[in-house]
file my_file_30.txt (compact mmCIF, C-alpha atoms)
# COMPACT_ATOMS: atom_id res chain seq x y z
CA MET K 102 -12.41 -44.52 10.12
CA ASP K 103 -15.83 -42.93 10.51
CA THR K 104 -17.15 -40.94 7.55
CA TRP K 105 -17.92 -37.90 9.72
CA LEU K 106 -14.24 -37.72 10.66
CA ILE K 107 -13.23 -37.90 6.99
CA TRP K 108 -15.62 -35.02 6.18
CA LEU K 109 -14.17 -33.07 9.12
CA ILE K 110 -10.63 -33.58 7.81
CA VAL K 111 -11.73 -32.48 4.33
CA ALA K 112 -13.36 -29.38 5.84
CA ALA K 113 -10.18 -28.51 7.75
CA ALA K 114 -7.97 -29.03 4.68
CA LEU K 115 -10.24 -26.81 2.57
CA ALA K 116 -10.26 -24.14 5.31
CA VAL K 117 -6.45 -24.10 5.42
CA ALA K 118 -6.31 -23.90 1.63
CA GLU K 119 -8.78 -20.98 1.72
CA ILE K 120 -6.61 -19.12 4.22
CA LEU K 121 -3.61 -19.55 1.94
CA THR K 122 -5.39 -18.55 -1.30
CA VAL K 123 -8.14 -16.12 -0.17
CA THR K 124 -10.48 -17.01 -3.04
CA ALA K 125 -13.70 -17.45 -1.01
CA ALA K 126 -14.48 -20.58 -3.08
CA LEU K 127 -12.57 -23.05 -0.95
CA GLY K 128 -14.09 -21.54 2.18
CA MET K 129 -17.58 -22.24 0.85
CA LEU K 130 -16.60 -25.83 0.07
CA SER K 131 -15.16 -26.13 3.56
CA VAL K 132 -18.45 -25.02 5.09
CA ALA K 133 -20.32 -27.55 2.96
CA ALA K 134 -17.93 -30.30 4.12
CA LEU K 135 -18.38 -29.24 7.74
CA VAL K 136 -22.18 -29.44 7.49
CA THR K 137 -21.85 -32.78 5.71
CA ALA K 138 -19.75 -34.03 8.64
CA GLY K 139 -22.79 -33.30 10.81
CA VAL K 140 -24.99 -35.23 8.39
CA ALA K 141 -22.56 -38.17 8.56
CA ALA K 142 -22.44 -37.99 12.36
CA ALA K 143 -26.23 -38.33 12.37
CA GLY K 144 -25.74 -41.74 10.77
CA LEU K 145 -27.24 -41.01 7.36
CA PRO K 146 -26.01 -43.15 4.43
CA LEU K 147 -23.17 -42.11 2.12
CA TRP K 148 -25.45 -41.22 -0.79
CA VAL K 149 -27.32 -38.72 1.44
CA GLN K 150 -23.99 -37.26 2.53
CA LEU K 151 -22.88 -36.81 -1.08
CA VAL K 152 -26.20 -35.19 -2.04
CA ALA K 153 -25.99 -32.89 1.00
CA TYR K 154 -22.42 -31.89 0.13
CA SER K 155 -23.28 -31.31 -3.54
CA VAL K 156 -26.34 -29.18 -2.76
CA LEU K 157 -24.57 -27.14 -0.07
CA ALA K 158 -21.50 -26.61 -2.25
CA ALA K 159 -23.61 -25.48 -5.20
CA VAL K 160 -25.75 -23.13 -3.10
CA THR K 161 -22.79 -21.53 -1.35
CA LEU K 162 -20.75 -21.15 -4.54
CA LEU K 163 -23.65 -19.80 -6.60
CA PHE K 164 -25.33 -17.53 -4.05
CA VAL K 165 -23.17 -16.82 -1.00
CA ARG K 166 -19.77 -16.40 -2.70
CA PRO K 167 -20.90 -13.60 -5.07
CA LEU K 168 -22.34 -11.71 -2.10
CA ALA K 169 -19.13 -12.12 -0.13
CA LEU K 170 -16.98 -10.99 -3.07
CA ARG K 171 -19.21 -7.98 -3.70
CA HIS K 172 -18.87 -7.01 -0.05
CA LEU K 173 -15.08 -7.35 -0.13
CA GLN K 174 -14.68 -5.40 -3.38
CA ARG K 175 -16.94 -2.51 -2.40
CA PRO K 176 -15.09 0.79 -2.74
CA GLN K 177 -14.43 2.79 0.37
CA GLY K 178 -17.34 5.16 0.93
CA GLN K 179 -15.54 7.98 2.67
CA ARG K 180 -12.03 9.31 2.67
CA PHE K 181 -10.41 10.06 6.02
CA GLY K 182 -7.52 12.17 7.26
CA VAL K 183 -5.53 14.15 4.73
CA ASP K 184 -7.04 12.13 1.87
CA ALA K 185 -10.36 13.85 2.62
CA LEU K 186 -8.78 17.25 1.89
CA VAL K 187 -7.92 16.42 -1.72
CA GLY K 188 -10.34 18.20 -4.03
CA LYS K 189 -11.49 20.72 -1.42
CA PRO K 190 -11.32 24.46 -1.98
CA ALA K 191 -8.84 26.57 -0.03
CA GLN K 192 -8.24 30.30 0.43
CA VAL K 193 -4.74 31.63 -0.14
CA LEU K 194 -3.52 33.58 2.94
CA THR K 195 0.01 34.44 1.79
CA ALA K 196 1.31 34.26 -1.76
CA VAL K 197 1.75 30.64 -2.85
CA SER K 198 4.55 29.74 -5.24
CA GLY K 199 6.49 26.64 -6.11
CA THR K 200 8.54 27.10 -2.94
CA GLY K 201 5.89 27.92 -0.32
CA GLY K 202 2.97 29.91 1.00
CA ARG K 203 -0.03 29.50 3.31
CA VAL K 204 -3.66 28.50 2.68
CA ARG K 205 -6.76 27.93 4.80
CA ILE K 206 -8.52 24.58 4.26
CA ASP K 207 -11.71 23.96 6.25
CA GLY K 208 -10.69 26.56 8.83
CA GLU K 209 -7.15 25.23 9.30
CA GLU K 210 -3.95 26.89 8.11
CA TRP K 211 -1.67 24.75 5.95
CA THR K 212 1.66 25.35 4.30
CA ALA K 213 1.17 25.18 0.56
CA ARG K 214 3.02 24.98 -2.73
CA SER K 215 1.75 25.67 -6.20
CA TYR K 216 1.20 22.61 -8.41
CA ASP K 217 2.72 24.63 -11.25
CA GLU K 218 6.10 25.67 -9.82
CA THR K 219 6.30 28.72 -12.11
CA LEU K 220 2.94 30.07 -10.92
CA VAL K 221 2.57 32.57 -8.06
CA ILE K 222 -0.95 32.66 -6.58
CA SER K 223 -1.90 35.90 -4.84
CA PRO K 224 -3.62 36.13 -1.41
CA GLY K 225 -7.42 35.92 -1.46
CA THR K 226 -7.50 33.54 -4.43
CA THR K 227 -9.57 30.36 -4.17
CA VAL K 228 -7.56 27.27 -5.05
CA ASP K 229 -8.24 23.54 -5.20
CA VAL K 230 -6.18 21.09 -3.19
CA ILE K 231 -4.59 18.71 -5.71
CA GLU K 232 -2.72 16.54 -3.19
CA ILE K 233 -1.23 16.55 0.29
CA SER K 234 2.51 15.94 0.54
CA GLY K 235 3.48 15.51 4.19
CA ALA K 236 2.13 18.66 5.88
CA THR K 237 2.03 20.69 2.67
CA ALA K 238 -0.98 21.18 0.44
CA ILE K 239 -0.26 21.18 -3.29
CA VAL K 240 -2.76 23.62 -4.79
CA TYR K 241 -3.89 24.98 -8.15
CA PRO K 242 -6.06 28.07 -8.76
CA ARG K 243 -9.66 27.60 -9.80
CA ASP K 244 -10.58 28.70 -13.30
call {"tool": "encode", "arguments": {"input": "my_file_30.txt", "output": "structure tokens"}}
result
Amino acid sequence: MDTWLIWLIVAAALAVAEILTVTAALGMLSVAALVTAGVAAAGLPLWVQLVAYSVLAAVTLLFVRPLALRHLQRPQGQRFGVDALVGKPAQVLTAVSGTGGRVRIDGEEWTARSYDETLVISPGTTVDVIEISGATAIVYPRD
């Protein structure tokens, strides 16, 4: 069996293992094996293939993998939908208690409940949106 075919099989096996584990390390080794298959197909001797694989594996594991992991673990920059409303100020339109009321958040009317169920918040008060539960804003008055 030709050595380039062996390297290609190794690359495929490492790629499948990467898909199953999602570590980013096996993927880098798979890329190194794939490039080494090209080196072997060019007819270079085995010692050159081993050096090529070692260098490529080291470079990808030491330099490319940390960049890939940093990119994957980056926190989401912006919140969207109802998650973006949490923490925003709102104006109370009708008295808000533990059972109901109405507030205006960013120009839109929302049903609301007080975070503290014993608290009744009077109209005109500025409140903070603590969370969104379905279509209801859970609010708490500002200090």
call {"tool": "residues_around", "arguments": {"input": "my_file_30.txt", "residues": "Ser198 of chain K", "least_positions_apart": "4", "cutoff": "6 Å", "atoms": "all atoms listed in the file", "output": "number ranges by chain"}}
result
K: 214-215, 220-221
call {"tool": "closest_residue", "arguments": {"input": "my_file_30.txt", "among": "K:Gly235, K:Arg166, K:Gly182, K:Trp108", "to": "Ala153 of chain K", "atoms": "only C-alpha atoms"}}
result
K:Trp108
call {"tool": "residues_around", "arguments": {"input": "my_file_30.txt", "residues": "Thr200 of chain K", "least_positions_apart": "2", "cutoff": "12 Å", "atoms": "all atoms listed in the file", "output": "JSON, numbers by chain"}}
result
{"K": [196, 197, 198, 202, 203, 212, 213, 214, 215, 216, 217, 218, 219, 220, 221, 222, 237, 238, 239, 240]}
call {"tool": "closest_residue", "arguments": {"input": "my_file_30.txt", "among": "K:Leu106, K:Val187, K:Ala126, K:Ala116", "to": "Glu232 of chain K", "atoms": "all atoms listed in the file"}}
result
K:Val187
call {"tool": "atom_distance", "arguments": {"input": "my_file_30.txt", "atom1": "atom CA of Asp103 of chain K", "atom2": "atom CA of Val136 of chain K"}}
result
15.2 Å
call {"tool": "atom_distance", "arguments": {"input": "my_file_30.txt", "atom1": "atom CA of Asp207 of chain K", "atom2": "atom CA of Leu186 of chain K"}}
result
8.5 Å
call {"tool": "closest_residue", "arguments": {"input": "my_file_30.txt", "among": "K:Leu145, K:Thr137, K:Leu170, K:Ala112", "to": "Ala125 of chain K", "atoms": "only C-alpha atoms"}}
result
K:Leu170
call {"tool": "atom_distance", "arguments": {"input": "my_file_30.txt", "atom1": "atom CA of Gly144 of chain K", "atom2": "atom CA of Ile107 of chain K"}}
result
13.6 Å
call {"tool": "closest_residue", "arguments": {"input": "my_file_30.txt", "among": "K:Asp184, K:Ser131, K:Ser223, K:Ala141", "to": "Ala236 of chain K", "atoms": "only C-alpha atoms"}}
result
K:Asp184
call {"tool": "closest_residue", "arguments": {"input": "my_file_30.txt", "among": "K:Ala169, K:Ala159, K:Leu109, K:Val149", "to": "Ala134 of chain K", "atoms": "all atoms listed in the file"}}
result
K:Leu109
call {"tool": "closest_residue", "arguments": {"input": "my_file_30.txt", "among": "K:Pro242, K:Gly139, K:Pro146, K:Gly178", "to": "Pro190 of chain K", "atoms": "all atoms listed in the file"}}
result
K:Pro242
